[in-house]
Amino acid sequence: MTPDEVATPNPESTIVAGVAFSPHAQLIAATAFAFARRLGARVLFVHVGEDVETTRARLRAMLRAANVDTACELILRSGDPADVLTGVAEQVNATLLVTGALETEGMLQRIFGSVARKIARRALCPVLLLPLSVHAIPRLDRVVLGIRAGEEFSGMLAFTLRLLRSAGQTRLHVVQEADYLNRLAARYVDEREATEFENAQRSMLADTLAEYDLTGLDIEMDVLDDSTEGIAVIEYARRIEADLVITQAPPRALTLRDRYISHPADSVLFSLPCGILLYRADSTAGKE
């Protein structure tokens with residue numbers, strides 16, 4: 001399937017996009033519409049605010065400017081933005097939720113949670129966050145799949161492969177971060193031991209990937225050991241000029257400790273060089 005082709009519509013597959021009156025709204029709308037065409041999904045645009053005709057007219061004009069089919073369904077609902085977006089996504093059993101993300105956050109936002117962090121935590125489906133630094137629809141020609149040693153990633157990989165193939169792309173960078181103990185150990189070994197350990201990790205990762213059907217794909221693997229959890233994948237993405245990072249979403253339960261010590265998926269929200277897709281491990285998005 002090529003990027004210009006449209007997948008067969010699936011009435012049970014829905015992409016939800018949060019749109020507001022901001023310069024970034026057109027890109028969010030266009031990205032959601034493009035992903036919906038690729039995946040054969042309907043797209044549902046959600047605006048948080050009072051449902052009045054003047055607002056609907058402005059939103060329709062924005063969708064037209066983004067070259068989006070204005071016949072797409074539009075929901076206007078008042079309330080907390082994170083609550084509204086995740087609530088609608090849950091009601092329609094969304095395949096994907098698309099919204100924006102702040103590039104930086106103040107201390108109060110970090111403690112009490114920005115909209116993007118709340119959505120990343122609460123959503124039951126995968127979430128695609130587009131920071132202000134992103135100015136084009138992700139082409140998916142440089143996708144980084146970030147995994148952590150020992151985690152289960154079969155569902156996330158299946159979803160990633162579905163996206164790549166829907167866009168007619170064949171390149172995938174699989175980057176594995178070591179767990180805390182391995183990162184700690186990497187700081188106290190000599191160069192020879194570090195090389196042996198990295199080679200062993202690469203071999204184990206290759207063996208794991210060999211269990212999946214990767215026919216026709218060009219896979220590049222890298223193992224990042226002595227690194228800050230979460231940040232290393234983002235720096236890797238920056239280095240290769242990736243247009244999308246896919247990694248596991250943070251746990252839905254938010255403890256007091258989480259408000260001060262971020263989950264890796266939270267941490268990367270502060271320095272995104274491209275879009276990031278946070279995959280919810282228990283979602284059904286990767287299933288056909």
# chains A, B, ... in the order shown; residues from 1 in each chain; ligands from 1
>>> residues_around(residues="Arg238 in chain A", least_positions_apart="4", cutoff="12 Å", atoms="only C-alpha atoms", output="ChimeraX atom specification")
/A:133,142-144,231-234,242-245,268,271-275
>>> atom_distance(atom1="CA of Ser78 in chain A", atom2="CA of Leu39 in chain A")
29.3 Å
>>> residues_around(residues="Asp218 in chain A", least_positions_apart="4", cutoff="10 Å", atoms="only C-alpha atoms", output="MDAnalysis selection string")
chainID A and resid 169:173 214
>>> select_by_dssp(residues="range 108-214 of chain A", states="helix (DSSP H, G or I)", output="ChimeraX atom specification")
/A:108-112,115-122,154-166,180-186,191-209
>>> closest_residue(among="A:Ala249, A:Val19, A:Ala281, A:Ala30", to="Ala120 in chain A", atoms="only C-alpha atoms")
A:Ala249
>>> closest_residue(among="A:Gln176, A:Ser166, A:Thr99, A:Thr55", to="Leu145 in chain A", atoms="only C-alpha atoms")
A:Gln176
>>> select_by_dssp(residues="range 44-75 of chain A", states="strand (DSSP E or B)", output="count of residues only")
8
>>> closest_residue(among="A:Leu96, A:Val52, A:Ile219, A:Ile15", to="Arg77 in chain A", atoms="only C-alpha atoms")
A:Val52
>>> atom_distance(atom1="CA of Gly18 in chain A", atom2="CA of Asp141 in chain A")
24.7 Å
>>> atom_distance(atom1="CA of Pro126 in chain A", atom2="CA of Thr247 in chain A")
9.8 Å
